[in-house]
>>> print(open('upload_26.cif').read())   # mmCIF, N, CA and C atoms and all ligand atoms
data_upload
#
loop_
_atom_site.label_atom_id
_atom_site.label_comp_id
_atom_site.auth_asym_id
_atom_site.auth_seq_id
_atom_site.Cartn_x
_atom_site.Cartn_y
_atom_site.Cartn_z
N MET A 60 -61.38 -96.12 139.81
CA MET A 60 -61.31 -96.97 138.61
C MET A 60 -60.63 -96.22 137.48
N ARG A 61 -59.69 -96.89 136.84
CA ARG A 61 -59.03 -96.27 135.69
C ARG A 61 -59.91 -96.44 134.47
N LEU A 62 -60.09 -95.38 133.71
CA LEU A 62 -60.92 -95.47 132.52
C LEU A 62 -60.02 -95.71 131.32
N ALA A 63 -60.35 -96.72 130.54
CA ALA A 63 -59.55 -97.02 129.37
C ALA A 63 -60.48 -97.30 128.19
N PHE A 64 -61.31 -96.32 127.90
CA PHE A 64 -62.23 -96.46 126.79
C PHE A 64 -61.82 -95.51 125.68
N GLY A 65 -62.05 -95.91 124.48
CA GLY A 65 -61.77 -95.03 123.35
C GLY A 65 -62.81 -93.91 123.30
N THR A 66 -62.50 -92.90 122.53
CA THR A 66 -63.40 -91.74 122.44
C THR A 66 -64.78 -92.14 121.93
N LEU A 67 -64.82 -93.01 120.95
CA LEU A 67 -66.12 -93.41 120.39
C LEU A 67 -66.94 -94.19 121.43
N GLU A 68 -66.29 -95.14 122.09
CA GLU A 68 -66.98 -95.93 123.13
C GLU A 68 -67.52 -95.01 124.22
N ARG A 69 -66.68 -94.07 124.59
CA ARG A 69 -67.06 -93.16 125.67
C ARG A 69 -68.27 -92.32 125.27
N THR A 70 -68.22 -91.80 124.06
CA THR A 70 -69.31 -90.95 123.58
C THR A 70 -70.61 -91.75 123.48
N LYS A 71 -70.50 -92.97 122.98
CA LYS A 71 -71.69 -93.81 122.85
C LYS A 71 -72.27 -94.13 124.23
N PHE A 72 -71.41 -94.49 125.16
CA PHE A 72 -71.88 -94.87 126.50
C PHE A 72 -72.52 -93.69 127.22
N VAL A 73 -71.90 -92.52 127.12
CA VAL A 73 -72.42 -91.34 127.79
C VAL A 73 -73.76 -90.91 127.16
N THR A 74 -73.87 -91.07 125.86
CA THR A 74 -75.13 -90.73 125.19
C THR A 74 -76.24 -91.67 125.68
N ALA A 75 -75.93 -92.95 125.75
CA ALA A 75 -76.92 -93.92 126.27
C ALA A 75 -77.30 -93.57 127.70
N ALA A 76 -76.29 -93.27 128.52
CA ALA A 76 -76.53 -92.95 129.93
C ALA A 76 -77.43 -91.73 130.05
N SER A 77 -77.21 -90.73 129.22
CA SER A 77 -78.01 -89.51 129.35
C SER A 77 -79.46 -89.76 128.92
N GLU A 78 -79.66 -90.61 127.92
CA GLU A 78 -81.04 -90.95 127.51
C GLU A 78 -81.75 -91.72 128.62
N LEU A 79 -81.03 -92.63 129.25
CA LEU A 79 -81.65 -93.43 130.32
C LEU A 79 -81.93 -92.57 131.55
N ALA A 80 -81.02 -91.64 131.83
CA ALA A 80 -81.24 -90.72 132.96
C ALA A 80 -82.48 -89.87 132.70
N ARG A 81 -82.60 -89.42 131.46
CA ARG A 81 -83.77 -88.60 131.09
C ARG A 81 -85.06 -89.42 131.28
N ASN A 82 -85.03 -90.68 130.87
CA ASN A 82 -86.22 -91.52 131.05
C ASN A 82 -86.55 -91.70 132.52
N THR A 83 -85.50 -91.92 133.32
CA THR A 83 -85.73 -92.10 134.77
C THR A 83 -86.41 -90.86 135.36
N LEU A 84 -85.97 -89.70 134.91
CA LEU A 84 -86.55 -88.46 135.44
C LEU A 84 -87.94 -88.18 134.88
N VAL A 85 -88.06 -88.29 133.55
CA VAL A 85 -89.31 -87.88 132.89
C VAL A 85 -90.42 -88.92 133.08
N HIS A 86 -90.10 -90.19 132.79
CA HIS A 86 -91.13 -91.23 132.85
C HIS A 86 -91.19 -91.89 134.23
N GLY A 87 -90.02 -92.04 134.85
CA GLY A 87 -89.98 -92.77 136.12
C GLY A 87 -90.16 -91.87 137.33
N ARG A 88 -90.29 -90.58 137.07
CA ARG A 88 -90.48 -89.57 138.14
C ARG A 88 -89.32 -89.57 139.13
N GLY A 89 -88.13 -89.79 138.61
CA GLY A 89 -86.94 -89.74 139.46
C GLY A 89 -86.54 -91.11 139.95
N GLY A 90 -85.28 -91.25 140.29
CA GLY A 90 -84.81 -92.55 140.73
C GLY A 90 -83.35 -92.48 141.11
N THR A 91 -82.69 -93.63 141.00
CA THR A 91 -81.28 -93.67 141.40
C THR A 91 -80.41 -94.20 140.27
N LEU A 92 -79.17 -93.79 140.31
CA LEU A 92 -78.16 -94.32 139.39
C LEU A 92 -77.04 -94.92 140.22
N THR A 93 -76.73 -96.18 139.95
CA THR A 93 -75.61 -96.85 140.62
C THR A 93 -74.52 -97.12 139.58
N ILE A 94 -73.30 -96.79 139.93
CA ILE A 94 -72.17 -96.99 139.02
C ILE A 94 -71.20 -97.97 139.65
N GLU A 95 -70.85 -99.01 138.90
CA GLU A 95 -69.88 -99.95 139.46
C GLU A 95 -68.96 -100.51 138.40
N GLU A 96 -67.80 -100.98 138.87
CA GLU A 96 -66.87 -101.67 137.98
C GLU A 96 -67.27 -103.13 137.95
N VAL A 97 -67.23 -103.73 136.77
CA VAL A 97 -67.55 -105.15 136.68
C VAL A 97 -66.36 -105.91 136.10
N ASN A 98 -66.15 -107.11 136.63
CA ASN A 98 -65.07 -107.97 136.16
C ASN A 98 -65.66 -109.32 135.81
N GLN A 99 -65.39 -109.77 134.59
CA GLN A 99 -65.98 -111.02 134.15
C GLN A 99 -65.09 -111.64 133.08
N GLY A 100 -64.70 -112.86 133.30
CA GLY A 100 -63.88 -113.56 132.30
C GLY A 100 -62.62 -112.81 131.93
N GLY A 101 -62.00 -112.17 132.91
CA GLY A 101 -60.76 -111.44 132.64
C GLY A 101 -60.95 -110.06 132.05
N ARG A 102 -62.22 -109.70 131.84
CA ARG A 102 -62.50 -108.36 131.29
C ARG A 102 -62.97 -107.43 132.39
N THR A 103 -62.71 -106.15 132.18
CA THR A 103 -63.20 -105.13 133.11
C THR A 103 -64.09 -104.17 132.34
N GLY A 104 -65.15 -103.75 133.01
CA GLY A 104 -66.03 -102.81 132.36
C GLY A 104 -66.71 -101.90 133.38
N ILE A 105 -67.53 -101.02 132.86
CA ILE A 105 -68.28 -100.12 133.74
C ILE A 105 -69.76 -100.43 133.55
N LYS A 106 -70.46 -100.48 134.70
CA LYS A 106 -71.89 -100.81 134.67
C LYS A 106 -72.67 -99.69 135.34
N LEU A 107 -73.72 -99.27 134.67
CA LEU A 107 -74.62 -98.27 135.25
C LEU A 107 -76.00 -98.90 135.40
N VAL A 108 -76.60 -98.67 136.56
CA VAL A 108 -77.95 -99.18 136.80
C VAL A 108 -78.88 -98.01 137.15
N PHE A 109 -79.90 -97.83 136.32
CA PHE A 109 -80.91 -96.78 136.55
C PHE A 109 -82.15 -97.45 137.11
N GLU A 110 -82.59 -96.96 138.26
CA GLU A 110 -83.76 -97.57 138.89
C GLU A 110 -84.76 -96.50 139.30
N ASP A 111 -86.01 -96.79 139.05
CA ASP A 111 -87.04 -95.87 139.54
C ASP A 111 -88.24 -96.65 140.04
N ALA A 112 -89.04 -95.96 140.82
CA ALA A 112 -90.26 -96.58 141.35
C ALA A 112 -91.47 -95.90 140.71
N GLY A 113 -91.35 -95.67 139.40
CA GLY A 113 -92.41 -94.99 138.64
C GLY A 113 -93.48 -95.96 138.18
N PRO A 114 -94.18 -95.58 137.11
CA PRO A 114 -95.35 -96.36 136.65
C PRO A 114 -95.01 -97.69 136.00
N GLY A 115 -93.74 -97.88 135.58
CA GLY A 115 -93.39 -99.12 134.89
C GLY A 115 -93.79 -99.08 133.43
N ILE A 116 -93.33 -100.07 132.69
CA ILE A 116 -93.57 -100.13 131.24
C ILE A 116 -94.38 -101.38 130.92
N PRO A 117 -95.61 -101.21 130.40
CA PRO A 117 -96.48 -102.35 130.14
C PRO A 117 -95.93 -103.28 129.05
N ASP A 118 -95.35 -102.71 127.98
CA ASP A 118 -94.87 -103.53 126.86
C ASP A 118 -93.45 -103.08 126.51
N ILE A 119 -92.47 -103.82 127.02
CA ILE A 119 -91.08 -103.40 126.87
C ILE A 119 -90.63 -103.47 125.40
N GLU A 120 -91.04 -104.53 124.69
CA GLU A 120 -90.65 -104.63 123.27
C GLU A 120 -91.13 -103.42 122.49
N ARG A 121 -92.33 -103.00 122.76
CA ARG A 121 -92.91 -101.83 122.10
C ARG A 121 -92.14 -100.57 122.48
N ALA A 122 -91.81 -100.43 123.76
CA ALA A 122 -91.10 -99.25 124.24
C ALA A 122 -89.71 -99.15 123.59
N LEU A 123 -89.15 -100.31 123.22
CA LEU A 123 -87.82 -100.31 122.60
C LEU A 123 -87.86 -99.95 121.12
N GLU A 124 -89.05 -99.99 120.52
CA GLU A 124 -89.16 -99.66 119.10
C GLU A 124 -88.91 -98.18 118.86
N ASP A 125 -88.19 -97.89 117.78
CA ASP A 125 -87.97 -96.50 117.42
C ASP A 125 -89.31 -95.85 117.09
N GLY A 126 -89.52 -94.69 117.64
CA GLY A 126 -90.73 -93.93 117.32
C GLY A 126 -91.86 -94.15 118.31
N PHE A 127 -91.70 -95.11 119.24
CA PHE A 127 -92.76 -95.29 120.24
C PHE A 127 -92.50 -94.40 121.45
N SER A 128 -93.46 -93.53 121.73
CA SER A 128 -93.35 -92.64 122.89
C SER A 128 -94.71 -92.38 123.47
N THR A 129 -94.81 -92.41 124.79
CA THR A 129 -96.06 -92.05 125.42
C THR A 129 -96.04 -90.57 125.82
N ALA A 130 -94.93 -89.89 125.47
CA ALA A 130 -94.77 -88.50 125.87
C ALA A 130 -94.69 -87.56 124.66
N LYS A 131 -95.18 -88.06 123.52
CA LYS A 131 -95.14 -87.28 122.28
C LYS A 131 -93.74 -86.76 121.99
N SER A 132 -92.75 -87.57 122.33
CA SER A 132 -91.37 -87.23 122.04
C SER A 132 -90.91 -88.09 120.87
N MET A 133 -89.61 -88.14 120.61
CA MET A 133 -89.11 -88.88 119.45
C MET A 133 -89.24 -90.40 119.62
N GLY A 134 -89.17 -90.85 120.84
CA GLY A 134 -89.24 -92.30 121.07
C GLY A 134 -88.00 -93.03 120.60
N LEU A 135 -86.87 -92.38 120.70
CA LEU A 135 -85.60 -92.98 120.24
C LEU A 135 -84.67 -93.35 121.38
N GLY A 136 -84.98 -92.87 122.59
CA GLY A 136 -84.03 -93.00 123.69
C GLY A 136 -83.69 -94.42 124.09
N LEU A 137 -84.71 -95.21 124.32
CA LEU A 137 -84.51 -96.55 124.87
C LEU A 137 -83.86 -97.49 123.84
N GLY A 138 -84.42 -97.54 122.65
CA GLY A 138 -83.84 -98.38 121.60
C GLY A 138 -82.46 -97.91 121.21
N GLY A 139 -82.30 -96.59 121.16
CA GLY A 139 -80.99 -96.02 120.83
C GLY A 139 -79.96 -96.41 121.87
N ALA A 140 -80.34 -96.31 123.13
CA ALA A 140 -79.42 -96.66 124.22
C ALA A 140 -78.99 -98.12 124.09
N ARG A 141 -79.93 -99.00 123.77
CA ARG A 141 -79.60 -100.42 123.63
C ARG A 141 -78.56 -100.65 122.53
N ARG A 142 -78.69 -99.89 121.43
CA ARG A 142 -77.75 -100.07 120.31
C ARG A 142 -76.37 -99.51 120.61
N LEU A 143 -76.28 -98.60 121.56
CA LEU A 143 -75.02 -97.89 121.80
C LEU A 143 -74.08 -98.56 122.79
N VAL A 144 -74.57 -99.56 123.49
CA VAL A 144 -73.76 -100.15 124.56
C VAL A 144 -73.46 -101.62 124.29
N ASN A 145 -72.54 -102.19 125.03
CA ASN A 145 -72.17 -103.60 124.87
C ASN A 145 -73.24 -104.52 125.45
N GLU A 146 -73.78 -104.14 126.61
CA GLU A 146 -74.82 -104.97 127.23
C GLU A 146 -75.94 -104.08 127.73
N PHE A 147 -77.15 -104.58 127.56
CA PHE A 147 -78.33 -103.79 127.91
C PHE A 147 -79.35 -104.73 128.53
N ASP A 148 -79.87 -104.36 129.68
CA ASP A 148 -80.86 -105.21 130.33
C ASP A 148 -81.95 -104.34 130.93
N ILE A 149 -83.19 -104.72 130.69
CA ILE A 149 -84.29 -103.92 131.25
C ILE A 149 -85.32 -104.83 131.88
N THR A 150 -85.75 -104.47 133.08
CA THR A 150 -86.87 -105.15 133.70
C THR A 150 -87.81 -104.06 134.21
N SER A 151 -89.09 -104.33 134.08
CA SER A 151 -90.05 -103.31 134.49
C SER A 151 -91.34 -103.98 134.91
N THR A 152 -91.93 -103.48 135.95
CA THR A 152 -93.21 -104.00 136.43
C THR A 152 -94.18 -102.84 136.58
N VAL A 153 -95.32 -102.99 135.93
CA VAL A 153 -96.32 -101.92 135.99
C VAL A 153 -96.74 -101.69 137.44
N GLY A 154 -96.72 -100.43 137.82
CA GLY A 154 -97.10 -100.07 139.19
C GLY A 154 -95.96 -100.18 140.18
N GLN A 155 -94.82 -100.71 139.72
CA GLN A 155 -93.69 -100.86 140.65
C GLN A 155 -92.44 -100.11 140.24
N GLY A 156 -92.15 -100.11 138.95
CA GLY A 156 -90.99 -99.35 138.52
C GLY A 156 -90.17 -100.05 137.46
N THR A 157 -89.05 -99.43 137.15
CA THR A 157 -88.22 -99.86 136.02
C THR A 157 -86.75 -99.86 136.43
N ARG A 158 -86.03 -100.87 135.90
CA ARG A 158 -84.60 -100.98 136.16
C ARG A 158 -83.92 -101.25 134.82
N VAL A 159 -82.99 -100.39 134.47
CA VAL A 159 -82.23 -100.57 133.24
C VAL A 159 -80.75 -100.60 133.59
N SER A 160 -80.05 -101.62 133.11
CA SER A 160 -78.60 -101.64 133.35
C SER A 160 -77.85 -101.73 132.03
N ILE A 161 -76.74 -101.03 131.97
CA ILE A 161 -75.89 -101.05 130.77
C ILE A 161 -74.44 -101.30 131.17
N VAL A 162 -73.74 -101.99 130.29
CA VAL A 162 -72.32 -102.29 130.54
C VAL A 162 -71.51 -101.93 129.30
N GLN A 163 -70.37 -101.34 129.52
CA GLN A 163 -69.40 -101.14 128.45
C GLN A 163 -68.08 -101.76 128.88
N TRP A 164 -67.54 -102.66 128.05
CA TRP A 164 -66.29 -103.33 128.39
C TRP A 164 -65.11 -102.52 127.91
N LYS A 165 -64.06 -102.57 128.70
CA LYS A 165 -62.79 -101.96 128.30
C LYS A 165 -62.22 -102.73 127.13
N ARG A 166 -61.52 -102.01 126.28
CA ARG A 166 -60.83 -102.72 125.19
C ARG A 166 -59.60 -103.41 125.76
N ARG A 167 -59.34 -104.59 125.25
CA ARG A 167 -58.17 -105.32 125.77
C ARG A 167 -56.95 -105.04 124.94
N1 LIG B 1 -88.17 -95.37 133.29
C1 LIG B 1 -89.32 -95.47 132.63
N2 LIG B 1 -90.49 -95.58 133.30
C2 LIG B 1 -91.67 -95.68 132.65
N3 LIG B 1 -91.78 -95.68 131.29
C3 LIG B 1 -90.66 -95.58 130.57
C4 LIG B 1 -89.36 -95.46 131.19
N4 LIG B 1 -88.43 -95.37 130.21
C5 LIG B 1 -89.11 -95.43 129.05
N5 LIG B 1 -90.45 -95.55 129.26
C6 LIG B 1 -91.51 -95.69 128.24
O1 LIG B 1 -90.91 -96.09 127.02
C7 LIG B 1 -91.21 -95.13 126.00
C8 LIG B 1 -90.04 -95.07 125.04
O2 LIG B 1 -88.89 -94.50 125.67
P1 LIG B 1 -87.88 -93.68 124.78
O3 LIG B 1 -86.77 -93.16 125.64
O4 LIG B 1 -87.48 -94.53 123.61
O5 LIG B 1 -88.77 -92.50 124.21
P2 LIG B 1 -89.20 -91.12 124.90
O6 LIG B 1 -88.51 -90.93 126.20
O7 LIG B 1 -90.69 -91.06 124.93
O8 LIG B 1 -88.68 -90.08 123.83
P3 LIG B 1 -87.16 -89.61 123.60
O9 LIG B 1 -86.29 -90.36 124.54
O10 LIG B 1 -86.85 -89.96 122.16
O11 LIG B 1 -87.19 -88.14 123.87
C9 LIG B 1 -91.50 -93.85 126.74
O12 LIG B 1 -92.31 -92.96 125.99
C10 LIG B 1 -92.24 -94.38 127.98
O13 LIG B 1 -93.57 -94.69 127.70
MG MG B 2 -86.46 -91.16 126.40
#
>>> encode(input="upload_26.cif", output="structure tokens")
Amino acid sequence: MRLAFGTLERTKFVTAASELARNTLVHGRGGTLTIEEVNQGGRTGIKLVFEDAGPGIPDIERALEDGFSTAKSMGLGLGGARRLVNEFDITSTVGQGTRVSIVQWKRR
């Protein structure tokens, strides 16, 4: 896949990805990352999906709030990641795990 993202987009996306990877490792006890190219309505983008089979998140809205952390950390990763990318989707089931996907579209 040819990458055609500006420096700012790239930095924002990589920062979001690293926060989500950290969550997968720290809170989700490890998991997988899938990277794919997405095409929609004539646009091309990159999609990352982080999946784990960890404890899950009981209250996603709360977890997305700045300052909420169950690990006595900053609690900025999840909400920050959502603000840094074009598309953000999270699903989580307690006792089953968490799936977060992010998309960044190429500039046209
Ligand atoms: N993959 C996950 N599995 C289970 N819980 C998660 C996962 N990702 C996030 N959480 C929950 O959401 C909370 C908020 O996540 P967030 O990344 O914002 O903060 P943090 O990881 O605690 O701190 P920071 O990322 O700022 O160091 C976490 O403390 C944790 O309770
Ligand atoms: Mg985090």
>>> closest_atom_pairs(input="upload_26.cif", of="chain A", to="ligand MG 2 (chain B)", cutoff="6.5 Å", atoms="only N, CA and C atoms and all ligand atoms", output="JSON lines")
{"residue": "A:Glu78", "atom": "C", "partner": "B:MG2", "partner_atom": "MG", "distance": 5.2}
{"residue": "A:Leu79", "atom": "N", "partner": "B:MG2", "partner_atom": "MG", "distance": 6.3}
{"residue": "A:Arg81", "atom": "C", "partner": "B:MG2", "partner_atom": "MG", "distance": 5.4}
{"residue": "A:Asn82", "atom": "CA", "partner": "B:MG2", "partner_atom": "MG", "distance": 4.7}
{"residue": "A:Gly134", "atom": "CA", "partner": "B:MG2", "partner_atom": "MG", "distance": 6.1}
{"residue": "A:Leu135", "atom": "C", "partner": "B:MG2", "partner_atom": "MG", "distance": 5.8}
{"residue": "A:Gly136", "atom": "CA", "partner": "B:MG2", "partner_atom": "MG", "distance": 4.1}
{"residue": "A:Leu137", "atom": "N", "partner": "B:MG2", "partner_atom": "MG", "distance": 4.9}
>>> residues_near_ligand(input="upload_26.cif", ligand="ligand LIG 1 (chain B)", cutoff="8 Å", atoms="all atoms listed in the file", output="PyMOL selection string")
chain A and resi 78-89+109-119+121-140+151+156-159
>>> atom_distance(input="upload_26.cif", atom1="CA of Thr74 (chain A)", atom2="atom N of Val97 (chain A)")
19.1 Å
>>> residues_around(input="upload_26.cif", residues="Ala63 (chain A)", least_positions_apart="6", cutoff="8 Å", atoms="only N, CA and C atoms", output="list of chain:residue names")
A:Arg69, A:Trp164, A:Lys165, A:Arg166, A:Arg167
>>> select_by_dssp(input="upload_26.cif", residues="region 70-145 of chain A", states="strand (DSSP E or B)", output="VMD selection string")
chain A and resid 90 to 99 102 to 111
>>> select_by_dssp(input="upload_26.cif", residues="chain A", states="alpha helix (DSSP H)", output="PyMOL selection string")
chain A and resi 66-85+119-123+136-143
